[in-house]
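Trainee: Structure: start_18.cif, mmCIF, C-alpha atoms.
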```
data_data
#
loop_
_atom_site.group_PDB
_atom_site.id
_atom_site.type_symbol
_atom_site.label_atom_id
_atom_site.label_comp_id
_atom_site.auth_asym_id
_atom_site.auth_seq_id
_atom_site.Cartn_x
_atom_site.Cartn_y
_atom_site.Cartn_z
ATOM 1 C CA MET T 1 96.392 133.670 43.839
ATOM 2 C CA THR T 2 92.717 134.312 43.123
ATOM 3 C CA HIS T 3 91.079 137.128 41.159
ATOM 4 C CA ILE T 4 87.599 138.222 42.243
ATOM 5 C CA LYS T 5 85.418 140.613 40.261
ATOM 6 C CA VAL T 6 83.488 142.875 42.625
ATOM 7 C CA PRO T 7 80.814 145.464 41.770
ATOM 8 C CA GLN T 8 82.417 148.923 41.598
ATOM 9 C CA ASP T 9 80.201 150.312 44.371
ATOM 10 C CA ARG T 10 81.343 147.565 46.806
ATOM 11 C CA ILE T 11 85.107 148.186 46.462
ATOM 12 C CA GLY T 12 84.907 150.892 49.138
ATOM 13 C CA ALA T 13 83.280 148.419 51.536
ATOM 14 C CA ILE T 14 86.139 145.943 50.970
ATOM 15 C CA ILE T 15 88.731 148.639 51.659
ATOM 16 C CA GLY T 16 86.788 150.121 54.596
ATOM 17 C CA PRO T 17 87.388 153.378 56.458
ATOM 18 C CA LYS T 18 91.151 154.112 56.340
ATOM 19 C CA GLY T 19 91.718 150.575 54.967
ATOM 20 C CA SER T 20 90.393 148.927 58.141
ATOM 21 C CA VAL T 21 88.389 146.162 56.403
ATOM 22 C CA LYS T 22 91.233 145.305 54.002
ATOM 23 C CA ASN T 23 93.665 145.167 56.960
ATOM 24 C CA MET T 24 91.316 142.961 58.990
ATOM 25 C CA ILE T 25 90.943 140.488 56.086
ATOM 26 C CA GLU T 26 94.711 140.435 55.522
ATOM 27 C CA ASN T 27 95.455 139.910 59.224
ATOM 28 C CA LYS T 28 92.898 137.162 59.765
ATOM 29 C CA SER T 29 93.797 135.284 56.566
ATOM 30 C CA THR T 30 97.571 135.953 56.388
ATOM 31 C CA SER T 31 96.879 136.862 52.745
ATOM 32 C CA LYS T 32 97.713 140.003 50.855
ATOM 33 C CA LEU T 33 94.921 141.838 49.011
ATOM 34 C CA ASP T 34 95.656 143.759 45.837
ATOM 35 C CA ILE T 35 92.602 145.898 45.095
ATOM 36 C CA ASN T 36 92.145 147.584 41.731
ATOM 37 C CA SER T 37 89.298 150.042 42.183
ATOM 38 C CA GLU T 38 89.377 150.990 38.476
ATOM 39 C CA SER T 39 88.551 147.495 37.206
ATOM 40 C CA GLY T 40 86.734 146.304 40.336
ATOM 41 C CA THR T 41 89.042 143.334 40.826
ATOM 42 C CA VAL T 42 90.487 142.045 44.064
ATOM 43 C CA GLU T 43 93.473 139.737 43.950
ATOM 44 C CA VAL T 44 93.999 137.481 46.966
ATOM 45 C CA ILE T 45 97.623 136.416 47.337
ATOM 46 C CA ALA T 46 97.813 133.530 49.801
ATOM 47 C CA GLY T 47 100.134 133.876 52.781
ATOM 48 C CA ASP T 48 101.223 131.123 55.187
ATOM 49 C CA ASP T 49 97.662 129.836 55.605
ATOM 50 C CA PRO T 50 96.046 128.501 52.399
ATOM 51 C CA VAL T 51 92.735 127.907 54.214
ATOM 52 C CA GLY T 52 92.841 131.511 55.429
ATOM 53 C CA ALA T 53 93.197 132.636 51.817
ATOM 54 C CA MET T 54 90.129 130.595 50.848
ATOM 55 C CA ARG T 55 88.191 132.193 53.706
ATOM 56 C CA ALA T 56 89.392 135.638 52.557
ATOM 57 C CA VAL T 57 87.928 134.868 49.119
ATOM 58 C CA ASP T 58 84.589 133.989 50.782
ATOM 59 C CA VAL T 59 84.664 137.215 52.823
ATOM 60 C CA ILE T 60 85.370 139.313 49.706
ATOM 61 C CA HIS T 61 82.623 137.550 47.719
ATOM 62 C CA ALA T 62 80.194 138.146 50.614
ATOM 63 C CA ILE T 63 81.045 141.866 50.908
ATOM 64 C CA GLY T 64 80.828 142.117 47.114
ATOM 65 C CA ARG T 65 77.302 140.672 47.290
ATOM 66 C CA GLY T 66 76.174 143.368 49.706
ATOM 67 C CA PHE T 67 76.973 141.903 53.123
ATOM 68 C CA ASN T 68 78.246 144.202 55.830
ATOM 69 C CA PRO T 69 81.956 143.364 56.487
ATOM 70 C CA GLU T 70 81.125 142.552 60.147
ATOM 71 C CA LYS T 71 78.766 139.778 58.969
ATOM 72 C CA ALA T 72 81.257 138.565 56.362
ATOM 73 C CA TYR T 73 84.047 138.185 58.975
ATOM 74 C CA SER T 74 82.114 135.220 60.412
ATOM 75 C CA PHE T 75 83.840 133.070 57.726
ATOM 76 C CA PHE T 76 87.057 133.401 59.738
ATOM 77 C CA ASP T 77 85.439 132.015 62.902
ATOM 78 C CA ASP T 78 83.579 129.030 61.462
ATOM 79 C CA ASP T 79 85.053 126.634 58.891
ATOM 80 C CA MET T 80 81.642 125.156 58.078
ATOM 81 C CA LEU T 81 80.113 128.418 56.810
ATOM 82 C CA MET T 82 79.282 128.681 53.138
ATOM 83 C CA LEU T 83 78.178 131.467 50.823
ATOM 84 C CA GLU T 84 75.331 130.669 48.438
ATOM 85 C CA ILE T 85 74.617 133.180 45.666
ATOM 86 C CA ILE T 86 71.357 132.826 43.754
ATOM 87 C CA ASP T 87 71.017 134.735 40.491
ATOM 88 C CA LEU T 88 67.504 136.151 40.327
ATOM 89 C CA SER T 89 67.854 137.319 36.732
ATOM 90 C CA ARG T 90 67.183 133.729 35.577
ATOM 91 C CA ALA T 91 63.697 133.926 37.092
ATOM 92 C CA ALA T 92 62.949 137.536 36.132
ATOM 93 C CA SER T 93 62.641 138.559 32.499
ATOM 94 C CA THR T 94 62.227 142.305 33.098
ATOM 95 C CA PRO T 95 63.705 144.826 35.559
ATOM 96 C CA LYS T 96 60.199 145.274 36.996
ATOM 97 C CA GLU T 97 59.902 141.513 37.582
ATOM 98 C CA LEU T 98 63.348 141.491 39.263
ATOM 99 C CA LEU T 99 62.228 144.273 41.619
ATOM 100 C CA ARG T 100 59.075 142.318 42.463
ATOM 101 C CA LEU T 101 61.104 139.174 43.293
ATOM 102 C CA LYS T 102 63.537 141.127 45.452
ATOM 103 C CA GLY T 103 60.556 142.697 47.227
ATOM 104 C CA ARG T 104 59.032 139.255 47.905
ATOM 105 C CA ILE T 105 62.319 138.000 49.384
ATOM 106 C CA ILE T 106 62.885 141.070 51.561
ATOM 107 C CA GLY T 107 59.218 141.411 52.533
ATOM 108 C CA LYS T 108 57.394 144.468 53.838
ATOM 109 C CA GLY T 109 59.866 146.448 55.937
ATOM 110 C CA GLY T 110 62.366 143.573 55.721
ATOM 111 C CA LYS T 111 60.002 141.212 57.580
ATOM 112 C CA THR T 112 60.439 138.134 55.379
ATOM 113 C CA ARG T 113 64.220 138.329 55.373
ATOM 114 C CA GLU T 114 64.208 138.908 59.151
ATOM 115 C CA ILE T 115 61.970 135.891 59.833
ATOM 116 C CA ALA T 116 64.129 133.632 57.636
ATOM 117 C CA GLU T 117 67.349 134.857 59.267
ATOM 118 C CA SER T 118 66.088 134.366 62.812
ATOM 119 C CA LEU T 119 64.361 130.992 62.250
ATOM 120 C CA ILE T 120 67.156 129.310 60.302
ATOM 121 C CA GLY T 121 70.130 131.245 61.719
ATOM 122 C CA VAL T 122 71.484 132.501 58.397
ATOM 123 C CA LYS T 123 72.463 135.904 57.060
ATOM 124 C CA ILE T 124 70.757 137.089 53.855
ATOM 125 C CA SER T 125 71.692 139.888 51.459
ATOM 126 C CA VAL T 126 69.613 140.988 48.488
ATOM 127 C CA TYR T 127 71.847 143.005 46.180
ATOM 128 C CA GLY T 128 71.797 143.749 42.459
ATOM 129 C CA LYS T 129 70.402 140.722 40.639
ATOM 130 C CA THR T 130 71.284 138.273 43.404
ATOM 131 C CA VAL T 131 70.195 137.038 46.793
ATOM 132 C CA SER T 132 73.033 135.628 48.903
ATOM 133 C CA VAL T 133 72.961 133.502 52.025
ATOM 134 C CA ILE T 134 75.692 132.827 54.604
ATOM 135 C CA GLY T 135 75.097 129.684 56.631
ATOM 136 C CA HIS T 136 75.991 126.048 57.246
ATOM 137 C CA PRO T 137 75.319 123.504 54.470
ATOM 138 C CA GLU T 138 72.026 122.268 55.973
ATOM 139 C CA GLN T 139 70.849 125.864 56.539
ATOM 140 C CA ILE T 140 71.775 126.779 52.947
ATOM 141 C CA LEU T 141 69.702 123.853 51.622
ATOM 142 C CA ILE T 142 66.660 125.002 53.602
ATOM 143 C CA MET T 143 67.072 128.617 52.497
ATOM 144 C CA ARG T 144 67.554 127.645 48.848
ATOM 145 C CA THR T 145 64.217 125.800 48.989
ATOM 146 C CA ALA T 146 62.471 128.691 50.788
ATOM 147 C CA LEU T 147 63.839 131.225 48.290
ATOM 148 C CA GLU T 148 62.770 129.050 45.360
ATOM 149 C CA MET T 149 59.283 128.878 46.921
ATOM 150 C CA LEU T 150 59.150 132.696 47.064
ATOM 151 C CA ILE T 151 60.522 133.045 43.529
ATOM 152 C CA ASP T 152 57.930 130.541 42.252
ATOM 153 C CA GLY T 153 55.173 132.637 43.823
ATOM 154 C CA ALA T 154 54.316 130.607 46.953
ATOM 155 C CA ASN T 155 52.508 132.735 49.498
ATOM 156 C CA HIS T 156 54.553 134.042 52.401
ATOM 157 C CA GLY T 157 52.531 132.082 54.968
ATOM 158 C CA SER T 158 53.485 128.764 53.335
ATOM 159 C CA VAL T 159 57.140 129.774 53.282
ATOM 160 C CA TYR T 160 57.018 130.767 56.979
ATOM 161 C CA SER T 161 55.394 127.406 57.833
ATOM 162 C CA PHE T 162 58.095 125.591 55.872
ATOM 163 C CA LEU T 163 60.808 127.547 57.740
ATOM 164 C CA GLU T 164 59.139 126.883 61.134
ATOM 165 C CA LYS T 165 59.081 123.143 60.403
ATOM 166 C CA LYS T 166 62.717 123.182 59.218
ATOM 167 C CA LYS T 167 63.762 125.074 62.358
ATOM 168 C CA GLN T 168 62.318 122.189 64.420
ATOM 169 C CA ASP T 169 64.249 119.701 62.249
ATOM 170 C CA LEU T 170 67.486 121.662 62.724
ATOM 171 C CA MET T 171 66.979 121.816 66.499
ATOM 172 C CA ARG T 172 66.209 118.084 66.606
ATOM 173 C CA ALA T 173 69.362 117.320 64.590
ATOM 174 C CA GLN T 174 71.418 119.458 66.991
ATOM 175 C CA LEU T 175 69.999 117.631 70.018
ATOM 176 C CA ASP T 176 70.661 114.254 68.401
ATOM 177 C CA SER T 177 74.297 115.182 67.773
ATOM 178 C CA TYR T 178 74.987 115.677 71.510
#
```
What is this file in structure tokens?

Mentor:
Amino acid sequence: MTHIKVPQDRIGAIIGPKGSVKNMIENKSTSKLDINSESGTVEVIAGDDPVGAMRAVDVIHAIGRGFNPEKAYSFFDDDMLMLEIIDLSRAASTPKELLRLKGRIIGKGGKTREIAESLIGVKISVYGKTVSVIGHPEQILIMRTALEMLIDGANHGSVYSFLEKKKQDLMRAQLDSY
């Protein structure tokens, strides 16, 4: 049994229209979800599949961090996926600074986030004081570095070059594994 604290405004996304998201998570994980919308807590009660329950926890964390449930379901299809949550409030001392950092990560019209997602094959959500990434361990490492570059003020061009180079490395590693 695991308790997860979720932002109040994301509880609805975990329940979904007519309970569809909650049902999907329960069915795919064989777990039971007990959602308290007053306190913003979700309790995951493991069913027959303990790994499924762990994946359900990942899905709930991901939805809680702003991911669309459809994107979060990918945890059920791929055991190697991880969720990385980076707290931006450590790097930003004021609300204005936090907004600036979020803007740098998202980019004009979502361009930076889009480029990172397509080059490295990850999913990124910027929500509240966090930026979250869904991907495989090697993808997460690359994205953590790229995000730290953006947070530290590197120009976008350098970050794109870094991501381009890392995409080549990932493709090479994939070819070598065949």

Trainee: Would you translate the PyMOL selection byres ((chain T and resi 67-75) around 10) into the concrete set of residues it matches in this file, as a PyMOL selection string?

Mentor: chain T and resi 10+13-16+21-22+24-25+28+52+54-66+76-83+123-127+132-135

Trainee: Please expand the PyMOL selection byres ((chain T and resi 34) around 8) into the concrete residues it hits in this file, giving the result as number ranges by chain.

Mentor: T: 32-33, 35-36, 42-45

Trainee: Which residue, T:Ser29, T:Ser37, T:Thr130, T:Ser177, has the smallest gap to T:Ile105 when you use all atoms listed in the file?

Mentor: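 The shortest atom-to-atom distance to T:Ile105 comes from T:Thr130.
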
Trainee: For T:Phe162, find every residue with an atom within 10 Å (counting all atoms listed in the file), except residues of its own chain fewer than 6 positions away, and show them as a compact mmCIF listing (two decimals) with C-alpha atoms, keeping the file's coordinate frame.

Mentor:
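Contents of the output file out17.txt:
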```
# COMPACT_ATOMS: atom_id res chain seq x y z
CA ILE T 142 66.66 125.00 53.60
CA THR T 145 64.22 125.80 48.99
CA ALA T 146 62.47 128.69 50.79
CA MET T 149 59.28 128.88 46.92
CA HIS T 156 54.55 134.04 52.40
```

Trainee: Measure the distance from atom CA of T:Ile11 to atom CA of T:Val122 in Å and round it to one decimal.

Mentor: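 So the answer is 24.0 Å.
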
Trainee: Mind pulling up the distance from atom CA of T:Leu101 to atom CA of T:Asp9?

Mentor: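 Atom-to-atom, atom CA of T:Asp9 and atom CA of T:Leu101 are spaced 22.1 Å apart.
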
Trainee: In Å, how far is it from atom CA of T:Met171 to atom CA of T:Arg144?

Mentor: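 Result for atom CA of T:Met171 versus atom CA of T:Arg144: 18.6 Å, one decimal.
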
Trainee: Tell me which of T:Gly40, T:Pro50, T:Gly153, T:Gly128 sits closest to T:Ser89, counting only C-alpha atoms.

Mentor: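 For T:Ser89, the nearest of the given residues is T:Gly128.
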
Trainee: Could you rebuild stretch 57-70 of chain T with N, CA and C atoms and give me the result as an mmCIF file, in the frame of the given file?

Mentor:
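Written out: result26.cif:
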```cif
data_model
loop_
_atom_site.group_PDB
_atom_site.id
_atom_site.type_symbol
_atom_site.label_atom_id
_atom_site.label_comp_id
_atom_site.auth_asym_id
_atom_site.auth_seq_id
_atom_site.Cartn_x
_atom_site.Cartn_y
_atom_site.Cartn_z
ATOM 1 N N VAL T 57 88.691 134.835 50.365
ATOM 2 C CA VAL T 57 87.928 134.868 49.119
ATOM 3 C C VAL T 57 86.424 134.873 49.431
ATOM 4 N N ASP T 58 86.004 134.017 50.381
ATOM 5 C CA ASP T 58 84.589 133.989 50.782
ATOM 6 C C ASP T 58 84.147 135.340 51.347
ATOM 7 N N VAL T 59 84.990 135.918 52.200
ATOM 8 C CA VAL T 59 84.664 137.215 52.823
ATOM 9 C C VAL T 59 84.505 138.285 51.739
ATOM 10 N N ILE T 60 85.426 138.309 50.772
ATOM 11 C CA ILE T 60 85.370 139.313 49.706
ATOM 12 C C ILE T 60 84.132 139.103 48.833
ATOM 13 N N HIS T 61 83.845 137.841 48.482
ATOM 14 C CA HIS T 61 82.623 137.550 47.719
ATOM 15 C C HIS T 61 81.394 138.046 48.486
ATOM 16 N N ALA T 62 81.347 137.767 49.790
ATOM 17 C CA ALA T 62 80.194 138.146 50.614
ATOM 18 C C ALA T 62 80.032 139.668 50.646
ATOM 19 N N ILE T 63 81.128 140.396 50.883
ATOM 20 C CA ILE T 63 81.045 141.866 50.908
ATOM 21 C C ILE T 63 80.638 142.370 49.524
ATOM 22 N N GLY T 64 81.177 141.747 48.485
ATOM 23 C CA GLY T 64 80.828 142.117 47.114
ATOM 24 C C GLY T 64 79.357 141.896 46.807
ATOM 25 N N ARG T 65 78.724 140.952 47.499
ATOM 26 C CA ARG T 65 77.302 140.672 47.290
ATOM 27 C C ARG T 65 76.430 141.427 48.289
ATOM 28 N N GLY T 66 76.990 142.462 48.910
ATOM 29 C CA GLY T 66 76.174 143.368 49.706
ATOM 30 C C GLY T 66 76.190 143.139 51.203
ATOM 31 N N PHE T 67 76.925 142.119 51.673
ATOM 32 C CA PHE T 67 76.973 141.903 53.123
ATOM 33 C C PHE T 67 77.841 142.959 53.782
ATOM 34 N N ASN T 68 77.460 143.325 54.989
ATOM 35 C CA ASN T 68 78.246 144.202 55.830
ATOM 36 C C ASN T 68 79.528 143.429 56.194
ATOM 37 N N PRO T 69 80.706 144.078 56.164
ATOM 38 C CA PRO T 69 81.956 143.364 56.487
ATOM 39 C C PRO T 69 81.892 142.622 57.825
ATOM 40 N N GLU T 70 81.230 143.206 58.844
ATOM 41 C CA GLU T 70 81.125 142.552 60.147
ATOM 42 C C GLU T 70 80.483 141.167 60.014
#
```
